[in-house]
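See below for work08.txt, which holds compact mmCIF, C-alpha atoms and all ligand atoms.
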```
# COMPACT_ATOMS: atom_id res chain seq x y z
CA MET Z 1 0.00 0.00 0.00
CA THR Z 2 1.04 3.54 -0.66
CA LEU Z 3 0.38 6.79 1.13
CA LEU Z 4 -1.20 9.22 -1.32
CA LYS Z 5 -0.66 12.97 -1.63
CA ILE Z 6 -3.71 14.96 -0.57
CA ALA Z 7 -4.98 17.81 -2.76
CA GLU Z 8 -5.41 21.05 -0.84
CA LEU Z 9 -7.93 23.88 -1.11
CA GLY Z 10 -7.49 25.75 -4.38
CA HIS Z 11 -6.57 22.77 -6.54
CA PRO Z 12 -9.09 22.38 -9.43
CA VAL Z 13 -9.52 18.63 -8.81
CA LEU Z 14 -11.48 19.55 -5.67
CA PHE Z 15 -13.98 21.67 -7.59
CA GLY Z 16 -14.94 19.24 -10.37
CA MET Z 17 -17.84 16.80 -10.64
CA ALA Z 18 -16.38 13.31 -10.15
CA LEU Z 19 -17.09 10.54 -12.66
CA PRO Z 20 -18.85 7.24 -11.86
CA VAL Z 21 -16.71 4.22 -10.97
CA GLU Z 22 -17.24 1.69 -13.75
CA SER Z 23 -15.54 -1.38 -12.31
CA VAL Z 24 -15.03 -1.48 -8.54
CA THR Z 25 -13.25 -4.84 -8.78
CA SER Z 26 -10.64 -3.64 -11.27
CA THR Z 27 -7.08 -3.73 -9.97
CA CYS Z 28 -6.65 0.03 -10.18
CA VAL Z 29 -9.82 0.77 -8.17
CA GLN Z 30 -9.00 -1.93 -5.59
CA THR Z 31 -5.51 -0.44 -5.17
CA LEU Z 32 -7.01 3.04 -4.90
CA ILE Z 33 -9.41 1.91 -2.13
CA SER Z 34 -6.56 0.30 -0.15
CA ASP Z 35 -4.31 3.32 -0.56
CA MET Z 36 -7.09 5.75 0.35
CA THR Z 37 -7.91 3.77 3.50
CA GLU Z 38 -4.27 3.76 4.54
CA THR Z 39 -3.90 7.47 3.73
CA MET Z 40 -7.01 8.35 5.75
CA THR Z 41 -5.78 6.41 8.77
CA ASP Z 42 -2.26 7.82 8.51
CA SER Z 43 -3.61 11.39 8.29
CA GLY Z 44 -5.91 10.95 11.28
CA GLY Z 45 -8.97 11.67 9.12
CA VAL Z 46 -12.42 10.10 9.48
CA GLY Z 47 -13.18 10.17 5.76
CA LEU Z 48 -11.45 10.62 2.41
CA ALA Z 49 -12.92 11.05 -1.07
CA ALA Z 50 -11.14 10.09 -4.30
CA PRO Z 51 -10.91 13.69 -5.64
CA GLN Z 52 -8.86 14.52 -2.54
CA VAL Z 53 -6.15 12.20 -3.86
CA TYR Z 54 -6.35 13.63 -7.40
CA ARG Z 55 -8.70 10.92 -8.73
CA SER Z 56 -11.96 12.35 -9.97
CA LEU Z 57 -14.07 9.27 -9.19
CA ARG Z 58 -17.31 8.85 -7.23
CA LEU Z 59 -15.85 6.89 -4.36
CA PHE Z 60 -15.04 7.57 -0.71
CA VAL Z 61 -13.82 5.75 2.38
CA ALA Z 62 -14.84 6.56 5.95
CA LYS Z 63 -14.47 5.24 9.47
CA ARG Z 64 -17.46 3.21 10.62
CA MET Z 65 -18.18 5.41 13.60
CA ASP Z 66 -21.57 3.79 13.99
CA LEU Z 67 -19.87 0.50 14.92
CA GLY Z 68 -17.65 1.91 17.69
CA GLU Z 69 -13.91 2.49 17.88
CA GLU Z 70 -12.55 -1.07 17.50
CA ALA Z 71 -14.90 -2.35 14.80
CA GLY Z 72 -14.51 0.97 13.00
CA LYS Z 73 -10.77 0.36 12.66
CA ALA Z 74 -11.27 -3.18 11.39
CA GLU Z 75 -13.81 -2.43 8.72
CA PRO Z 76 -13.59 0.85 6.83
CA PHE Z 77 -16.77 1.99 5.16
CA VAL Z 78 -16.39 2.17 1.37
CA LEU Z 79 -19.08 3.65 -0.85
CA CYS Z 80 -18.85 3.84 -4.66
CA ASN Z 81 -21.33 5.72 -6.85
CA PRO Z 82 -23.32 6.81 -3.78
CA LYS Z 83 -26.85 8.13 -3.71
CA LEU Z 84 -28.11 9.90 -0.58
CA GLU Z 85 -31.60 10.67 0.58
CA TRP Z 86 -32.40 12.70 3.70
CA VAL Z 87 -34.65 11.16 6.32
CA GLY Z 88 -36.66 14.05 7.75
CA GLU Z 89 -35.77 17.71 7.61
CA GLU Z 90 -33.80 17.95 10.85
CA ARG Z 91 -30.41 19.58 10.52
CA VAL Z 92 -27.79 19.88 13.23
CA SER Z 93 -24.70 22.04 13.54
CA GLY Z 94 -21.39 20.38 14.34
CA ILE Z 95 -17.67 21.05 14.02
CA GLU Z 96 -15.94 19.70 10.91
CA GLY Z 97 -12.50 19.68 9.44
CA CYS Z 98 -11.20 18.48 6.08
CA LEU Z 99 -7.83 16.96 5.15
CA SER Z 100 -7.84 19.27 2.11
CA ILE Z 101 -8.19 22.37 4.32
CA PRO Z 102 -5.44 21.80 6.88
CA GLY Z 103 -5.42 23.67 10.17
CA MET Z 104 -9.02 24.85 9.92
CA ARG Z 105 -12.34 23.89 11.49
CA ALA Z 106 -15.89 25.13 11.01
CA ILE Z 107 -19.43 24.81 12.31
CA VAL Z 108 -21.38 23.17 9.49
CA PRO Z 109 -25.11 22.36 9.39
CA ARG Z 110 -25.91 18.85 8.12
CA TYR Z 111 -28.94 16.56 7.98
CA GLU Z 112 -29.20 14.42 11.11
CA LYS Z 113 -30.26 11.24 9.36
CA LEU Z 114 -29.96 9.86 5.85
CA ARG Z 115 -30.37 6.77 3.75
CA TYR Z 116 -27.47 5.81 1.47
CA GLU Z 117 -27.02 3.36 -1.34
CA GLY Z 118 -24.17 2.49 -3.64
CA TRP Z 119 -21.58 -0.26 -4.08
CA ASN Z 120 -19.19 -1.58 -1.45
CA ALA Z 121 -15.49 -2.39 -1.95
CA SER Z 122 -16.42 -5.73 -3.55
CA GLY Z 123 -18.68 -4.04 -6.08
CA GLU Z 124 -21.84 -5.35 -4.41
CA PRO Z 125 -24.88 -3.11 -3.98
CA ILE Z 126 -25.36 -1.89 -0.42
CA GLU Z 127 -27.82 0.37 1.33
CA GLY Z 128 -28.36 1.56 4.86
CA TYR Z 129 -29.14 4.37 7.24
CA ALA Z 130 -26.74 6.68 9.04
CA GLN Z 131 -27.25 9.34 11.65
CA GLY Z 132 -25.32 11.78 13.81
CA HIS Z 133 -21.57 11.99 13.25
CA PHE Z 134 -21.48 9.16 10.71
CA ALA Z 135 -24.24 10.85 8.65
CA ARG Z 136 -22.21 14.09 8.83
CA VAL Z 137 -19.10 12.36 7.46
CA ILE Z 138 -21.07 10.74 4.63
CA GLN Z 139 -22.55 14.12 3.62
CA HIS Z 140 -19.10 15.78 3.78
CA GLU Z 141 -17.51 13.06 1.61
CA TYR Z 142 -20.42 13.02 -0.83
CA ASP Z 143 -19.98 16.78 -1.27
CA HIS Z 144 -16.37 16.17 -2.39
CA LEU Z 145 -17.75 14.09 -5.30
CA GLU Z 146 -19.85 17.09 -6.32
CA GLY Z 147 -16.92 19.50 -6.11
CA ILE Z 148 -18.26 21.11 -2.91
CA LEU Z 149 -16.11 21.86 0.12
CA TYR Z 150 -17.51 22.66 3.57
CA PRO Z 151 -16.96 26.48 3.40
CA ALA Z 152 -19.83 26.48 0.86
CA ARG Z 153 -22.12 25.00 3.54
CA LEU Z 154 -21.50 27.52 6.33
CA ALA Z 155 -24.47 29.36 7.82
CA ASP Z 156 -22.16 32.29 8.64
CA TRP Z 157 -18.61 32.93 7.42
CA ARG Z 158 -17.57 33.63 11.03
CA HIS Z 159 -18.17 29.95 11.76
CA MET Z 160 -14.83 29.03 10.16
CA ALA Z 161 -11.68 29.34 12.22
CA SER Z 162 -8.09 28.30 12.64
CA MET Z 163 -7.51 25.29 14.91
CA SER Z 164 -5.98 27.70 17.42
CA GLN Z 165 -9.46 29.26 17.76
CA LEU Z 166 -11.31 25.97 18.21
CA GLU Z 167 -12.58 27.09 21.62
CA GLU Z 168 -14.29 30.05 19.97
CA LEU Z 169 -16.12 27.69 17.62
CA GLU Z 170 -17.16 25.49 20.53
CA ARG Z 171 -18.44 28.58 22.33
CA HIS Z 172 -20.47 29.57 19.25
CA LEU Z 173 -21.86 26.06 18.97
CA GLN Z 174 -22.91 25.92 22.63
CA ALA Z 175 -24.54 29.34 22.30
CA GLY Z 176 -26.81 27.81 19.65
CA SER Z 177 -25.53 28.48 16.21
CA PRO Z 178 -28.41 29.34 13.86
CA VAL Z 179 -29.28 26.66 11.32
CA PRO Z 180 -30.72 28.09 8.10
CA SER Z 181 -34.11 26.71 7.14
NI NI Z 201 -13.05 16.84 3.26
```

Would you put the structure from the file into structure tokens?
Amino acid sequence: MTLLKIAELGHPVLFGMALPVESVTSTCVQTLISDMTETMTDSGGVGLAAPQVYRSLRLFVAKRMDLGEEAGKAEPFVLCNPKLEWVGEERVSGIEGCLSIPGMRAIVPRYEKLRYEGWNASGEPIEGYAQGHFARVIQHEYDHLEGILYPARLADWRHMASMSQLEELERHLQAGSPVPS
């Protein structure tokens, strides 16, 4: 496995619409999935989308936070050609970062619960529900496939801050950050 270079904010690969994965079981896609999983773990991220490693494909990996810490390490969540559908209208604000925007964090509103479908790492169709933090990660990674980065989702530009100001963001969040309707 190989650690991959991560594209950072400003690079055009992050702003394009990614293309469907045609053959999940092909050697190049299988290698990409392994390398992305290793790169995500090495970087301390909870999710990584293919455009972030300069591959404009509709594919992301994420930690299975819904399964708990140990199981999450053992079995990374892989979703190819995803489709998402919100369950209810509830949105919640939470703090997010992105490996492509190093040193920054922001308060981002996301849907609380969603239904996903797509293909797993073996190319088999999968579907399921996610909520809370895991649903947040799935929405963040899906956005990468659409060329959208989290600053485009902010309710207020003052909700983005350097890591050194993380306490300010937490203060904002506890004070009840407004969620746009
Ligand atoms: Ni990201």

Legend entry - Nearby residues (all atoms listed in the file) at most 9 Å from Asp66 (chain Z), same-chain spacing under 5 positions excluded, as a list in words: Gly72, Ala130, Gln131, Gly132, His133 and Phe134 of chain Z

Determine, using all atoms listed in the file, which residues of chain Z have any atom at most 10 Å from an atom of ligand NI 201 (chain Z), and tabulate each with its shortest atom pair and distance in Å to one decimal place, rows ordered by chain and then rising number, as CSV.
```
residue,atom,partner,partner_atom,distance
Z:Glu8,CA,Z:NI201,NI,9.6
Z:Leu9,CA,Z:NI201,NI,9.7
Z:Leu14,CA,Z:NI201,NI,9.5
Z:Gly45,CA,Z:NI201,NI,8.8
Z:Val46,CA,Z:NI201,NI,9.2
Z:Gly47,CA,Z:NI201,NI,7.1
Z:Leu48,CA,Z:NI201,NI,6.5
Z:Ala49,CA,Z:NI201,NI,7.2
Z:Pro51,CA,Z:NI201,NI,9.7
Z:Gln52,CA,Z:NI201,NI,7.5
Z:Glu96,CA,Z:NI201,NI,8.7
Z:Gly97,CA,Z:NI201,NI,6.8
Z:Cys98,CA,Z:NI201,NI,3.8
Z:Leu99,CA,Z:NI201,NI,5.6
Z:Ser100,CA,Z:NI201,NI,5.9
Z:Ile101,CA,Z:NI201,NI,7.4
Z:Pro102,CA,Z:NI201,NI,9.8
Z:Val137,CA,Z:NI201,NI,8.6
Z:Gln139,CA,Z:NI201,NI,9.9
Z:His140,CA,Z:NI201,NI,6.2
Z:Glu141,CA,Z:NI201,NI,6.1
Z:Tyr142,CA,Z:NI201,NI,9.3
Z:Asp143,CA,Z:NI201,NI,8.3
Z:His144,CA,Z:NI201,NI,6.6
Z:Ile148,CA,Z:NI201,NI,9.1
Z:Leu149,CA,Z:NI201,NI,6.7
Z:Tyr150,CA,Z:NI201,NI,7.3
```

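Nearest residue to Ser56 (chain Z), choosing from Z:Met160, Z:Ala7, Z:Ile126, Z:Ala135 and counting only C-alpha atoms: Z:Ala7.
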
Legend entry - Distance criterion (all atoms listed in the file): nearest to Cys80 (chain Z) out of Z:Met40, Z:Val53, Z:Met65, Z:Leu32: Z:Leu32

Legend entry - All residues 10 Å or closer to Pro20 (chain Z), only C-alpha atoms, same chain fewer than 3 positions away omitted, as a PyMOL selection string: chain Z and resi 17+23+56-59+80-82+145

Go ahead and save the residues from that selection, with C-alpha atoms, as a tab-separated table (two decimals), keeping the file's coordinate frame.
```
chain	number	residue	atom	x	y	z
Z	17	MET	CA	-17.84	16.80	-10.64
Z	23	SER	CA	-15.54	-1.38	-12.31
Z	56	SER	CA	-11.96	12.35	-9.97
Z	57	LEU	CA	-14.07	9.27	-9.19
Z	58	ARG	CA	-17.31	8.85	-7.23
Z	59	LEU	CA	-15.85	6.89	-4.36
Z	80	CYS	CA	-18.85	3.84	-4.66
Z	81	ASN	CA	-21.33	5.72	-6.85
Z	82	PRO	CA	-23.32	6.81	-3.78
Z	145	LEU	CA	-17.75	14.09	-5.30
```
